[in-house]
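Pasting data08.cif here (mmCIF, C-alpha atoms):
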```
data_upload
loop_
_atom_site.label_atom_id
_atom_site.label_comp_id
_atom_site.auth_asym_id
_atom_site.auth_seq_id
_atom_site.Cartn_x
_atom_site.Cartn_y
_atom_site.Cartn_z
CA MET A 18 -129.72 -35.93 40.45
CA ARG A 19 -126.28 -36.93 39.10
CA ASN A 20 -123.22 -35.18 40.45
CA ASP A 21 -122.53 -33.41 37.13
CA ASP A 22 -126.14 -32.18 37.05
CA LYS A 23 -125.66 -30.69 40.51
CA ILE A 24 -122.47 -28.96 39.43
CA LEU A 25 -124.24 -27.54 36.37
CA GLN A 26 -127.11 -26.23 38.47
CA GLU A 27 -124.63 -24.63 40.87
CA TYR A 28 -123.04 -22.78 37.97
CA TYR A 29 -126.43 -21.53 36.82
CA GLU A 30 -127.31 -20.42 40.35
CA GLN A 31 -124.06 -18.46 40.46
CA MET A 32 -125.18 -16.77 37.22
CA GLY A 33 -128.53 -15.76 38.68
CA ILE A 34 -130.82 -18.62 37.65
CA SER A 35 -133.12 -19.80 40.43
CA GLY A 36 -133.74 -23.46 41.15
CA GLY A 37 -137.34 -23.23 39.93
CA VAL A 38 -136.40 -21.79 36.55
CA PHE A 39 -133.56 -24.28 36.15
CA SER A 40 -135.81 -27.26 36.90
CA PHE A 41 -138.62 -26.03 34.62
CA CYS A 42 -136.27 -25.42 31.68
CA SER A 43 -134.39 -28.70 32.17
CA LYS A 44 -137.63 -30.67 31.79
CA ILE A 45 -138.38 -28.82 28.54
CA GLU A 46 -134.89 -29.48 27.22
CA LYS A 47 -135.12 -33.20 27.94
CA LYS A 48 -138.20 -33.52 25.72
CA LEU A 49 -136.38 -31.92 22.78
CA GLU A 50 -133.52 -34.42 22.48
CA GLU A 51 -134.88 -36.26 19.45
CA ARG A 52 -135.64 -33.03 17.59
CA PHE A 53 -132.21 -31.64 18.37
CA ALA A 54 -130.64 -34.79 16.92
CA ARG A 55 -132.35 -34.09 13.58
CA ILE A 56 -131.01 -30.53 13.62
CA ASP A 57 -127.52 -31.93 14.20
CA GLN A 58 -127.87 -34.03 11.05
CA VAL A 59 -128.90 -31.06 8.88
CA ALA A 60 -125.96 -29.08 10.21
CA GLU A 61 -123.58 -31.92 9.38
CA CYS A 62 -124.82 -32.00 5.77
CA ASN A 63 -124.42 -28.25 5.44
CA GLN A 64 -120.94 -28.45 6.98
CA MET A 65 -119.89 -30.93 4.30
CA LYS A 66 -121.33 -28.67 1.60
CA VAL A 67 -119.29 -25.69 2.81
CA LEU A 68 -116.12 -27.74 3.27
CA LYS A 69 -116.40 -29.23 -0.23
CA ALA A 70 -116.77 -25.75 -1.76
CA MET A 71 -113.62 -24.58 0.02
CA GLN A 72 -111.62 -27.61 -1.08
CA ASP A 73 -112.91 -27.53 -4.66
CA ASN A 74 -111.85 -23.88 -5.01
CA HIS A 75 -108.37 -24.52 -3.55
CA LEU A 76 -108.69 -22.19 -0.59
CA SER A 77 -105.13 -21.50 0.58
CA GLU A 78 -103.27 -19.49 3.17
CA ALA A 79 -102.40 -16.98 0.46
CA CYS A 80 -106.10 -16.09 0.21
CA PHE A 81 -105.95 -14.41 3.62
CA ALA A 82 -103.37 -11.77 2.65
CA PRO A 83 -104.84 -8.24 3.00
CA THR A 84 -105.18 -5.85 0.09
CA THR A 85 -105.45 -2.08 0.14
CA GLY A 86 -106.25 0.73 -2.27
CA TYR A 87 -108.09 -0.46 -5.33
CA GLY A 88 -107.76 -4.11 -4.34
CA TYR A 89 -106.96 -5.33 -7.81
CA ASN A 90 -106.26 -9.07 -8.18
CA ASP A 91 -107.39 -9.91 -4.64
CA ILE A 92 -107.17 -13.71 -4.80
CA GLY A 93 -108.84 -14.16 -1.42
CA ARG A 94 -111.85 -12.06 -2.37
CA GLU A 95 -112.22 -13.86 -5.69
CA THR A 96 -111.88 -17.30 -4.09
CA LEU A 97 -114.43 -16.52 -1.38
CA GLU A 98 -116.95 -15.40 -3.99
CA LYS A 99 -116.44 -18.66 -5.91
CA ILE A 100 -116.98 -20.56 -2.66
CA TYR A 101 -120.25 -18.71 -1.99
CA ALA A 102 -121.43 -19.41 -5.54
CA ASP A 103 -120.73 -23.11 -5.06
CA VAL A 104 -122.39 -23.27 -1.63
CA PHE A 105 -125.54 -21.59 -2.97
CA HIS A 106 -125.33 -23.37 -6.36
CA THR A 107 -125.36 -20.15 -8.37
CA GLU A 108 -123.42 -18.81 -11.35
CA ASP A 109 -121.69 -16.04 -9.42
CA ALA A 110 -121.56 -14.20 -6.11
CA LEU A 111 -120.68 -10.81 -4.66
CA VAL A 112 -119.33 -11.04 -1.09
CA ARG A 113 -117.95 -7.76 0.17
CA PRO A 114 -117.10 -5.92 3.40
CA GLN A 115 -118.19 -2.75 1.57
CA ILE A 116 -121.79 -3.97 1.92
CA THR A 117 -122.58 -2.50 5.32
CA CYS A 118 -125.65 -4.52 6.41
CA GLY A 119 -128.57 -6.62 5.25
CA THR A 120 -130.65 -3.60 4.27
CA HIS A 121 -127.74 -2.31 2.18
CA ALA A 122 -127.42 -5.70 0.46
CA LEU A 123 -131.13 -5.73 -0.37
CA ALA A 124 -131.09 -2.11 -1.55
CA LEU A 125 -128.10 -2.95 -3.75
CA ALA A 126 -129.95 -5.89 -5.27
CA LEU A 127 -133.07 -3.82 -5.98
CA MET A 128 -131.36 -0.70 -7.26
CA SER A 129 -128.98 -2.59 -9.51
CA GLN A 130 -131.68 -4.54 -11.33
CA LEU A 131 -134.55 -2.05 -11.56
CA ARG A 132 -134.80 0.90 -13.95
CA PRO A 133 -137.21 3.88 -14.24
CA GLY A 134 -140.60 2.65 -15.34
CA ASP A 135 -140.15 -0.80 -13.81
CA GLU A 136 -142.39 -2.17 -11.08
CA LEU A 137 -141.37 -4.18 -8.02
CA LEU A 138 -143.84 -6.72 -6.65
CA SER A 139 -143.90 -8.26 -3.19
CA PRO A 140 -146.23 -11.28 -3.19
CA VAL A 141 -145.70 -11.94 0.52
CA GLY A 142 -147.02 -8.71 2.00
CA LYS A 143 -145.21 -5.77 3.54
CA PRO A 144 -141.42 -5.93 3.53
CA TYR A 145 -139.21 -5.46 6.57
CA ASP A 146 -139.45 -1.98 8.10
CA THR A 147 -136.06 -0.70 6.93
CA LEU A 148 -136.93 -1.49 3.29
CA GLU A 149 -139.94 0.81 3.34
CA GLU A 150 -137.73 3.85 2.81
CA VAL A 151 -135.60 2.03 0.22
CA ILE A 152 -138.72 1.30 -1.83
CA GLY A 153 -140.42 4.62 -1.10
CA ILE A 154 -143.39 3.29 0.86
CA ARG A 155 -142.21 5.88 3.37
CA PRO A 156 -140.67 8.87 1.54
CA SER A 157 -136.89 9.06 1.73
CA ASP A 158 -134.09 10.61 -0.30
CA GLY A 159 -132.83 8.27 -3.00
CA SER A 160 -135.72 5.78 -2.79
CA LEU A 161 -136.81 3.68 -5.75
CA ALA A 162 -139.94 5.81 -5.98
CA GLU A 163 -137.81 8.92 -6.64
CA TYR A 164 -136.43 7.16 -9.71
CA GLY A 165 -139.86 6.34 -11.10
CA ILE A 166 -139.88 2.71 -9.96
CA THR A 167 -143.30 1.71 -8.68
CA TYR A 168 -144.20 -0.85 -6.06
CA ARG A 169 -147.08 -3.23 -5.59
CA GLN A 170 -147.73 -5.84 -2.92
CA VAL A 171 -150.09 -8.74 -2.44
CA ASP A 172 -150.71 -9.67 1.17
CA LEU A 173 -150.70 -13.23 2.38
CA LEU A 174 -154.11 -14.66 3.19
CA ALA A 175 -155.29 -14.85 6.80
CA ASP A 176 -153.98 -18.41 7.15
CA GLY A 177 -150.53 -17.42 5.87
CA SER A 178 -151.00 -18.95 2.42
CA PHE A 179 -150.29 -17.21 -0.88
CA ASP A 180 -153.03 -15.25 -2.61
CA TRP A 181 -152.53 -16.92 -5.97
CA ALA A 182 -155.28 -15.01 -7.76
CA GLY A 183 -154.06 -11.70 -6.33
CA ILE A 184 -150.49 -12.42 -7.40
CA GLU A 185 -151.56 -13.32 -10.92
CA ASN A 186 -153.60 -10.13 -11.19
CA ALA A 187 -150.70 -8.01 -9.86
CA LEU A 188 -148.25 -9.28 -12.48
CA ASN A 189 -148.25 -6.89 -15.44
CA GLU A 190 -146.07 -5.72 -18.32
CA ARG A 191 -144.13 -3.37 -16.03
CA THR A 192 -143.30 -6.02 -13.41
CA ARG A 193 -139.54 -6.45 -13.58
CA MET A 194 -138.73 -7.97 -10.21
CA VAL A 195 -140.39 -9.93 -7.41
CA THR A 196 -139.00 -9.65 -3.87
CA ILE A 197 -139.67 -12.54 -1.50
CA GLN A 198 -138.87 -12.08 2.18
CA ARG A 199 -138.17 -15.48 3.69
CA SER A 200 -138.28 -14.47 7.35
CA LYS A 201 -141.13 -12.73 9.08
CA GLY A 202 -139.44 -9.49 10.10
CA TYR A 203 -141.66 -7.81 12.68
CA ASP A 204 -144.82 -9.39 11.25
CA SER A 205 -146.63 -12.26 12.95
CA ARG A 206 -146.64 -14.54 9.94
CA PRO A 207 -145.06 -17.91 9.21
CA THR A 208 -141.53 -17.94 7.86
CA LEU A 209 -141.43 -19.28 4.31
CA SER A 210 -139.84 -22.68 3.79
CA VAL A 211 -137.56 -23.24 0.83
CA ASP A 212 -140.23 -25.53 -0.66
CA ARG A 213 -142.89 -22.82 -0.42
CA ILE A 214 -140.52 -20.26 -1.92
CA GLY A 215 -139.89 -22.67 -4.80
CA GLU A 216 -143.63 -23.11 -5.33
CA LEU A 217 -144.08 -19.33 -5.47
CA ILE A 218 -141.18 -18.82 -7.89
CA SER A 219 -142.49 -21.56 -10.20
CA PHE A 220 -145.93 -19.93 -10.23
CA ILE A 221 -144.42 -16.57 -11.21
CA LYS A 222 -141.98 -17.97 -13.79
CA GLU A 223 -144.76 -19.97 -15.50
CA ARG A 224 -146.58 -16.70 -16.13
CA ARG A 225 -143.64 -14.34 -16.58
CA PRO A 226 -140.31 -16.12 -17.26
CA ASP A 227 -138.57 -12.75 -17.70
CA VAL A 228 -139.37 -11.52 -14.16
CA LEU A 229 -136.45 -11.67 -11.74
CA CYS A 230 -137.13 -13.37 -8.41
CA MET A 231 -135.04 -12.14 -5.47
CA VAL A 232 -135.14 -13.74 -2.02
CA ASP A 233 -134.23 -11.94 1.18
CA ASN A 234 -132.47 -14.88 2.82
CA CYS A 235 -131.59 -13.16 6.11
CA TYR A 236 -131.85 -15.49 9.13
CA GLY A 237 -132.52 -18.52 6.91
CA GLU A 238 -129.12 -19.68 5.71
CA PHE A 239 -128.20 -23.27 6.67
CA VAL A 240 -131.44 -23.88 8.58
CA GLU A 241 -132.54 -26.32 5.87
CA LEU A 242 -130.64 -28.60 3.50
CA ALA A 243 -131.49 -26.40 0.51
CA GLU A 244 -131.38 -22.66 -0.14
CA PRO A 245 -133.79 -20.54 -2.24
CA SER A 246 -131.26 -20.53 -5.08
CA ASP A 247 -131.82 -24.31 -5.34
CA VAL A 248 -135.49 -23.74 -6.19
CA GLY A 249 -135.24 -21.08 -8.88
CA ALA A 250 -134.36 -17.76 -7.22
CA ASP A 251 -132.39 -15.48 -9.54
CA LEU A 252 -130.82 -13.69 -6.56
CA VAL A 253 -130.44 -14.61 -2.88
CA VAL A 254 -129.31 -11.86 -0.56
CA GLY A 255 -128.12 -11.75 3.04
CA SER A 256 -125.97 -10.19 5.73
CA LEU A 257 -122.65 -11.53 6.97
CA ILE A 258 -123.38 -10.47 10.54
CA LYS A 259 -126.27 -12.90 10.55
CA ASN A 260 -126.18 -16.63 9.77
CA ALA A 261 -123.68 -16.73 6.93
CA GLY A 262 -120.91 -14.94 8.83
CA GLY A 263 -120.85 -17.50 11.62
CA GLY A 264 -120.31 -14.82 14.27
CA LEU A 265 -116.79 -14.03 13.02
CA ALA A 266 -117.52 -11.70 10.11
CA PRO A 267 -117.11 -8.12 11.39
CA ILE A 268 -119.14 -6.61 8.54
CA GLY A 269 -120.42 -7.41 5.09
CA GLY A 270 -123.15 -8.80 2.92
CA TYR A 271 -123.57 -11.20 0.02
CA LEU A 272 -125.53 -11.60 -3.19
CA CYS A 273 -125.56 -14.95 -5.00
CA GLY A 274 -127.28 -15.53 -8.31
CA LYS A 275 -127.19 -15.30 -12.07
CA LYS A 276 -123.96 -13.90 -13.51
CA GLU A 277 -125.75 -11.00 -15.22
CA CYS A 278 -127.47 -9.99 -11.98
CA ILE A 279 -124.23 -10.14 -9.99
CA GLU A 280 -122.39 -8.04 -12.61
CA LYS A 281 -125.08 -5.36 -12.40
CA ALA A 282 -124.90 -5.40 -8.60
CA ALA A 283 -121.11 -5.08 -8.66
CA HIS A 284 -121.27 -2.07 -10.98
CA ARG A 285 -123.80 -0.47 -8.65
CA LEU A 286 -121.69 -1.20 -5.55
CA THR A 287 -118.46 0.22 -6.99
CA SER A 288 -118.77 2.06 -10.31
CA PRO A 289 -119.81 1.39 -13.90
CA GLY A 290 -116.77 0.00 -15.66
CA LEU A 291 -115.13 -1.20 -12.44
CA GLY A 292 -117.56 -3.75 -11.02
CA LYS A 293 -115.99 -6.70 -9.21
CA GLU A 294 -112.42 -5.75 -10.12
CA VAL A 295 -112.01 -3.34 -7.20
CA GLY A 296 -112.70 -3.45 -3.48
CA ALA A 297 -109.85 -3.96 -1.05
CA THR A 298 -110.49 -6.46 1.72
CA LEU A 299 -108.19 -4.81 4.32
CA GLY A 300 -107.42 -8.10 6.06
CA VAL A 301 -110.96 -9.31 6.81
CA THR A 302 -111.03 -12.18 4.30
CA SER A 303 -109.86 -14.68 6.91
CA ALA A 304 -112.73 -13.77 9.26
CA LEU A 305 -115.32 -13.85 6.46
CA THR A 306 -114.11 -17.24 5.25
CA GLN A 307 -113.73 -18.86 8.66
CA GLY A 308 -117.13 -17.45 9.62
CA LEU A 309 -118.70 -19.21 6.65
CA PHE A 310 -116.93 -22.43 7.67
CA LEU A 311 -118.41 -22.20 11.18
CA ALA A 312 -121.84 -21.01 10.03
CA PRO A 313 -123.63 -24.41 9.89
CA THR A 314 -122.57 -25.18 13.47
CA VAL A 315 -123.41 -21.71 14.77
CA VAL A 316 -126.82 -21.75 13.06
CA LYS A 317 -127.46 -25.16 14.62
CA GLY A 318 -127.03 -23.71 18.11
CA ALA A 319 -129.19 -20.68 17.35
CA LEU A 320 -131.92 -22.89 15.92
CA LYS A 321 -131.95 -25.07 19.03
CA GLY A 322 -132.22 -21.90 21.13
CA ALA A 323 -135.23 -20.71 19.15
CA ILE A 324 -137.01 -24.06 19.56
CA PHE A 325 -136.16 -24.11 23.26
CA ALA A 326 -137.66 -20.62 23.68
CA ALA A 327 -140.80 -21.56 21.78
CA ASN A 328 -141.45 -24.59 23.97
CA ILE A 329 -140.79 -22.74 27.23
CA TYR A 330 -143.01 -19.75 26.56
CA GLU A 331 -145.75 -21.81 24.91
CA LYS A 332 -145.85 -23.97 28.02
CA LEU A 333 -146.38 -20.80 30.06
CA GLY A 334 -149.39 -19.80 27.96
CA PHE A 335 -147.91 -17.18 25.64
CA THR A 336 -148.49 -17.11 21.89
CA VAL A 337 -145.31 -18.10 20.09
CA ILE A 338 -144.64 -18.01 16.34
CA PRO A 339 -143.64 -20.57 15.20
CA ASP A 340 -145.13 -22.82 17.85
CA GLY A 341 -143.13 -25.39 19.77
CA THR A 342 -143.70 -28.25 17.30
CA CYS A 343 -143.72 -26.37 14.00
CA SER A 344 -141.04 -27.03 11.36
CA ARG A 345 -138.32 -24.34 11.33
CA HIS A 346 -137.16 -22.27 8.36
CA ASP A 347 -135.24 -19.48 10.10
CA ILE A 348 -133.67 -18.81 13.50
CA ILE A 349 -136.16 -16.17 14.69
CA GLN A 350 -138.59 -16.89 17.51
CA GLU A 351 -141.47 -14.54 18.24
CA VAL A 352 -143.12 -14.38 21.67
CA GLU A 353 -146.20 -12.19 22.12
CA PHE A 354 -146.57 -10.66 25.59
CA HIS A 355 -149.27 -7.99 25.11
CA ASP A 356 -147.51 -6.24 27.97
CA PRO A 357 -144.62 -3.76 27.57
CA ASP A 358 -143.23 -4.63 31.02
CA LEU A 359 -142.89 -8.33 30.19
CA MET A 360 -141.41 -7.50 26.80
CA CYS A 361 -138.79 -5.27 28.41
CA ALA A 362 -138.08 -7.87 31.12
CA PHE A 363 -137.40 -10.48 28.44
CA CYS A 364 -134.92 -8.17 26.71
CA GLU A 365 -133.29 -7.31 30.04
CA GLY A 366 -132.72 -11.02 30.62
CA ILE A 367 -131.11 -11.48 27.21
CA GLN A 368 -128.85 -8.50 27.83
CA ALA A 369 -127.91 -9.79 31.28
CA ALA A 370 -126.86 -13.10 29.70
CA ALA A 371 -124.51 -11.46 27.20
CA PRO A 372 -120.71 -11.75 27.36
CA VAL A 373 -120.41 -8.08 26.37
CA ASP A 374 -122.26 -5.22 28.12
CA SER A 375 -124.14 -7.61 30.41
CA PHE A 376 -124.42 -4.77 32.95
CA VAL A 377 -126.35 -2.54 30.52
CA ARG A 378 -130.14 -2.20 30.72
CA PRO A 379 -131.80 -1.95 27.27
CA GLU A 380 -134.24 0.92 26.77
CA PRO A 381 -136.71 1.56 23.91
CA TRP A 382 -135.51 4.25 21.49
CA ASP A 383 -136.32 5.90 18.16
CA MET A 384 -134.17 3.73 15.92
CA PRO A 385 -133.57 4.99 12.34
CA GLY A 386 -135.71 3.22 9.74
CA TYR A 387 -138.57 2.25 12.09
CA ASP A 388 -141.95 3.89 12.67
CA SER A 389 -142.11 3.27 16.44
CA LYS A 390 -139.75 2.95 19.36
CA VAL A 391 -137.73 -0.27 19.32
CA ILE A 392 -136.10 -2.12 22.19
CA MET A 393 -132.97 -4.10 21.41
CA ALA A 394 -130.90 -6.39 23.60
CA ALA A 395 -127.53 -7.41 22.22
CA GLY A 396 -124.25 -7.78 24.02
CA ALA A 397 -122.25 -8.83 21.01
CA PHE A 398 -118.61 -9.11 19.99
CA VAL A 399 -119.65 -7.64 16.61
CA SER A 400 -121.88 -4.60 16.97
CA GLY A 401 -125.40 -5.34 15.76
CA SER A 402 -124.65 -8.99 15.02
CA SER A 403 -127.96 -10.84 15.25
CA ILE A 404 -126.42 -14.28 14.88
CA GLU A 405 -125.14 -13.56 18.37
CA LEU A 406 -127.60 -13.73 21.27
CA SER A 407 -130.09 -10.91 20.72
CA ALA A 408 -133.72 -9.91 21.05
CA ASP A 409 -135.67 -6.92 19.79
CA GLY A 410 -139.08 -5.68 18.82
CA PRO A 411 -141.23 -2.57 18.27
CA MET A 412 -142.91 -1.12 21.34
CA LYS A 413 -146.48 -1.52 20.15
CA GLU A 414 -149.17 -4.19 20.22
CA PRO A 415 -148.89 -7.12 20.43
CA TYR A 416 -145.67 -6.21 22.32
CA ALA A 417 -143.93 -9.12 20.66
CA VAL A 418 -140.25 -9.81 21.14
CA PHE A 419 -138.19 -11.44 18.40
CA PHE A 420 -135.40 -13.60 19.75
CA GLN A 421 -132.55 -14.94 17.65
CA GLY A 422 -128.96 -16.05 17.72
CA GLY A 423 -126.47 -17.49 20.12
CA LEU A 424 -123.00 -18.46 18.93
CA THR A 425 -123.38 -21.70 20.87
CA TRP A 426 -126.41 -23.70 21.96
CA GLU A 427 -125.25 -23.43 25.56
CA HIS A 428 -125.26 -19.64 25.44
CA ALA A 429 -128.63 -19.48 23.70
CA LYS A 430 -130.02 -21.78 26.40
CA PHE A 431 -128.68 -19.57 29.19
CA GLY A 432 -130.10 -16.46 27.53
CA ILE A 433 -133.59 -17.94 27.41
CA MET A 434 -133.36 -19.08 31.03
CA MET A 435 -132.28 -15.60 32.09
CA SER A 436 -135.15 -14.01 30.13
CA LEU A 437 -137.57 -16.23 32.04
CA GLU A 438 -135.85 -15.41 35.34
CA ARG A 439 -136.36 -11.68 34.75
CA ILE A 440 -140.00 -12.21 33.81
CA VAL A 441 -140.62 -14.27 36.97
CA ARG A 442 -139.18 -11.42 39.01
CA THR A 443 -141.83 -9.01 37.68
CA GLY A 444 -144.47 -10.96 39.61
CA LYS A 445 -146.75 -10.86 36.54
CA LEU A 446 -146.32 -14.47 35.47
CA LYS A 447 -149.60 -16.28 36.09
CA ASN A 448 -148.05 -19.72 35.69
CA ILE A 449 -145.72 -20.03 38.66
CA VAL A 450 -142.45 -21.68 37.71
CA THR A 451 -141.60 -24.22 40.39
#
```

Spell out the structure here as structure tokens.
Amino acid sequence: MRNDDKILQEYYEQMGISGGVFSFCSKIEKKLEERFARIDQVAECNQMKVLKAMQDNHLSEACFAPTTGYGYNDIGRETLEKIYADVFHTEDALVRPQITCGTHALALALMSQLRPGDELLSPVGKPYDTLEEVIGIRPSDGSLAEYGITYRQVDLLADGSFDWAGIENALNERTRMVTIQRSKGYDSRPTLSVDRIGELISFIKERRPDVLCMVDNCYGEFVELAEPSDVGADLVVGSLIKNAGGGLAPIGGYLCGKKECIEKAAHRLTSPGLGKEVGATLGVTSALTQGLFLAPTVVKGALKGAIFAANIYEKLGFTVIPDGTCSRHDIIQEVEFHDPDLMCAFCEGIQAAAPVDSFVRPEPWDMPGYDSKVIMAAGAFVSGSSIELSADGPMKEPYAVFFQGGLTWEHAKFGIMMSLERIVRTGKLKNIVT
């Protein structure tokens, strides 16, 4: 062992990582060098894309001046939205701190485009849990269902492929919008690649060119060279406290797409007649813009962490989705434990690795918007930021934990090692780590 390797191991031992766990994980990491090099190359391409958009739109120091009140003529806000439109290759964009979270961004997209009598179709199965109340699958005040907007879904087939015949049959004269969730949410299904999303959009547009196609892009930004807007999506939607905010954005969401769609969304966010003209930025433009600049690099580290986790837990005999060799299309890694104790131990390890609230022990709780108790581990600089090191999942079979984030590869790596350390300490691990 080289001297620097010994020093590194000593640091990990000081942080609570045993020699056995360190050795086991180091061997896994060594085998991933070639794959990590390819991820570096994708990140470099995406970095150039973001940088070019900032230079082409003449981003200047003046853009970071705060505005208050109505926020009229906010040059920073307007420039940032032009940058987002260029990065995602769309006609326009809405990037606002007034959008509180990813669910809010998606609700805004749906409610701004749909009208009473319209139907929303999901051709990729059940949407993420928090959208169930937005749509009205679970009754809630202000849902789409209360406004006479109906919903239909076509589940993926058992092998994760699209049910083409079912989708064609579900399209009807009332179908106004199709919602495509790129990431898996809390479902054990493959994440959709940009190519597969493009194939699905083409299939729908060939049959109904007038139907709007919206993609929930959360957790997928900058993982690939292309985005869903490059393959025909009318709207792509995401949260700024996930990939696109690069860990610096303190709040916010974005919508990128056709100009008409963005105008409708802006009028829904603010008020009819006001639209994009108002919305003070209160000094956060610098963080939102710098976060976007850092996003390709931050996503790169999170993606490496997800692949590292997949290979470690697959080696130990657990089911992981995606598996250790599968191509990646988002930063989320699922590990199925079928044991609530192991699931909780994993989350305890992630929490113990955090820079913030590392001394806190996560407990399952009745989180708003979910139909079962949820355990969440997140010691983040930005509350709820899931581009930072985090893990969560519903406390029900298959007792699967969903790991994501890490502002740096090194931190993501440590978090996974600590999760394994806590699991080893339960004494339930059949494969002894030595």

- [ ] May I ask which of the residues A:Gly177, A:Pro381, A:Asp388, A:Glu365 is the closest one to Arg442 (chain A), counting all atoms listed in the file?
- [x]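 Closest candidate: A:Glu365.
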
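Put simply, CA of Gln130 (chain A) is 25.6 Å away from CA of Pro385 (chain A).
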
Test item: the PyMOL selection byres ((chain A and resi 207) around 8) resolved as a PyMOL selection string: chain A and resi 177+200-201+205-206+208-209+338-339

List the residues sitting within 7 Å of (-143.4, -19.5, 17.0) in the file's frame, using all atoms listed in the file, as a PyMOL selection string. chain A and resi 327+337-341+350-352

Among A:Gln58, A:Phe376, A:Gly264, A:Ile221, Thr425 (chain A) is approached most closely, using all atoms listed in the file, by A:Gly264

Which is closer to Met434 (chain A) than all the others in A:Ile367, A:Ile324, A:Ala70, A:Ile116, using all atoms listed in the file?
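Under the stated criterion, the closest residue is A:Ile367.
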
task: Would you mind listing what lies within 10 Å of Ala304 (chain A) as an MDAnalysis selection string, with all atoms listed in the file counted and same-chain residues fewer than 5 positions away left out?
output: chainID A and resid 81 262:268 309:310

Determine, counting only C-alpha atoms, which protein, DNA and RNA residues have an atom within 9 Å of an atom of region 227-239 of chain A; residues of the same chain fewer than 4 positions away are not included. Present the result as a count of residues only.
-> 50

How would you write, as a list in words, the residues chosen by the PyMOL selection byres ((chain A and resi 135) around 7) on this structure?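 This file gives the following for the PyMOL selection byres ((chain A and resi 135) around 7): Leu131, Arg132, Pro133, Gly134, Glu136, Leu137, Ile166, Thr167, Arg191, Thr192 and Arg193 of chain A.
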
Write out as a PDB file with C-alpha atoms, in the frame of the given file which residues come within 9 Å of Asp374 (chain A) when counting only C-alpha atoms, dropping same-chain ones fewer than 6 positions away.
```pdb
ATOM      1  CA  GLN A 368    -128.850  -8.500  27.830  1.00  0.00           C
ATOM      2  CA  ALA A 395    -127.530  -7.410  22.220  1.00  0.00           C
ATOM      3  CA  GLY A 396    -124.250  -7.780  24.020  1.00  0.00           C
ATOM      4  CA  ALA A 397    -122.250  -8.830  21.010  1.00  0.00           C
TER       5      ALA A 397
END
```

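When all atoms listed in the file are used to compute distances to Leu111 (chain A), the closest of the residues A:Val373, A:Met128, A:Ala417, A:Ile279 turns out to be A:Ile279.
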
- Query: What is the CA of Ser157 (chain A) to CA of Thr120 (chain A) distance in Å?
  - Reply: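 These atoms are spaced 14.3 Å apart.
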
Would you kindly translate the PyMOL selection byres ((chain A and resi 143) around 9) into the concrete residues it picks from this file, as an mmCIF file with C-alpha atoms, keeping the file's coordinate frame?
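Contents of the output file part30.cif:
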```
data_model
loop_
_atom_site.group_PDB
_atom_site.id
_atom_site.type_symbol
_atom_site.label_atom_id
_atom_site.label_comp_id
_atom_site.auth_asym_id
_atom_site.auth_seq_id
_atom_site.Cartn_x
_atom_site.Cartn_y
_atom_site.Cartn_z
ATOM 1 C CA SER A 139 -143.900 -8.260 -3.190
ATOM 2 C CA PRO A 140 -146.230 -11.280 -3.190
ATOM 3 C CA VAL A 141 -145.700 -11.940 0.520
ATOM 4 C CA GLY A 142 -147.020 -8.710 2.000
ATOM 5 C CA PRO A 144 -141.420 -5.930 3.530
ATOM 6 C CA TYR A 145 -139.210 -5.460 6.570
ATOM 7 C CA ASP A 146 -139.450 -1.980 8.100
ATOM 8 C CA GLU A 149 -139.940 0.810 3.340
ATOM 9 C CA GLN A 170 -147.730 -5.840 -2.920
ATOM 10 C CA VAL A 171 -150.090 -8.740 -2.440
ATOM 11 C CA ASP A 172 -150.710 -9.670 1.170
ATOM 12 C CA ASP A 204 -144.820 -9.390 11.250
#
```

Query raised in the report: When you draw a straight line from CA of Gly401 (chain A) to CA of Val112 (chain A), how long is it in Å?
Result: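 Interatomic distance here is 18.8 Å.
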
Sel. within 10 Å of pt (-103.8, -6.7, 4.4), counting all atoms listed in the file, output as a ChimeraX atom specification
/A:81-85,88,297-302

Serialized selection, C-alpha atoms, as a PDB file, keeping the file's coordinate frame:
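And here's result_16.pdb as it stands now:
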```
ATOM      1  CA  PHE A  81    -105.950 -14.410   3.620  1.00  0.00           C
ATOM      2  CA  ALA A  82    -103.370 -11.770   2.650  1.00  0.00           C
ATOM      3  CA  PRO A  83    -104.840  -8.240   3.000  1.00  0.00           C
ATOM      4  CA  THR A  84    -105.180  -5.850   0.090  1.00  0.00           C
ATOM      5  CA  THR A  85    -105.450  -2.080   0.140  1.00  0.00           C
ATOM      6  CA  GLY A  88    -107.760  -4.110  -4.340  1.00  0.00           C
ATOM      7  CA  ALA A 297    -109.850  -3.960  -1.050  1.00  0.00           C
ATOM      8  CA  THR A 298    -110.490  -6.460   1.720  1.00  0.00           C
ATOM      9  CA  LEU A 299    -108.190  -4.810   4.320  1.00  0.00           C
ATOM     10  CA  GLY A 300    -107.420  -8.100   6.060  1.00  0.00           C
ATOM     11  CA  VAL A 301    -110.960  -9.310   6.810  1.00  0.00           C
ATOM     12  CA  THR A 302    -111.030 -12.180   4.300  1.00  0.00           C
TER      13      THR A 302
END
```

For Phe179 (chain A), the nearest of the candidates A:Tyr203, A:Phe335, A:Phe363, A:Phe220, counting all atoms listed in the file |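 Comparing A:Tyr203, A:Phe335, A:Phe363, A:Phe220 against Phe179 (chain A), the winner is A:Phe220.
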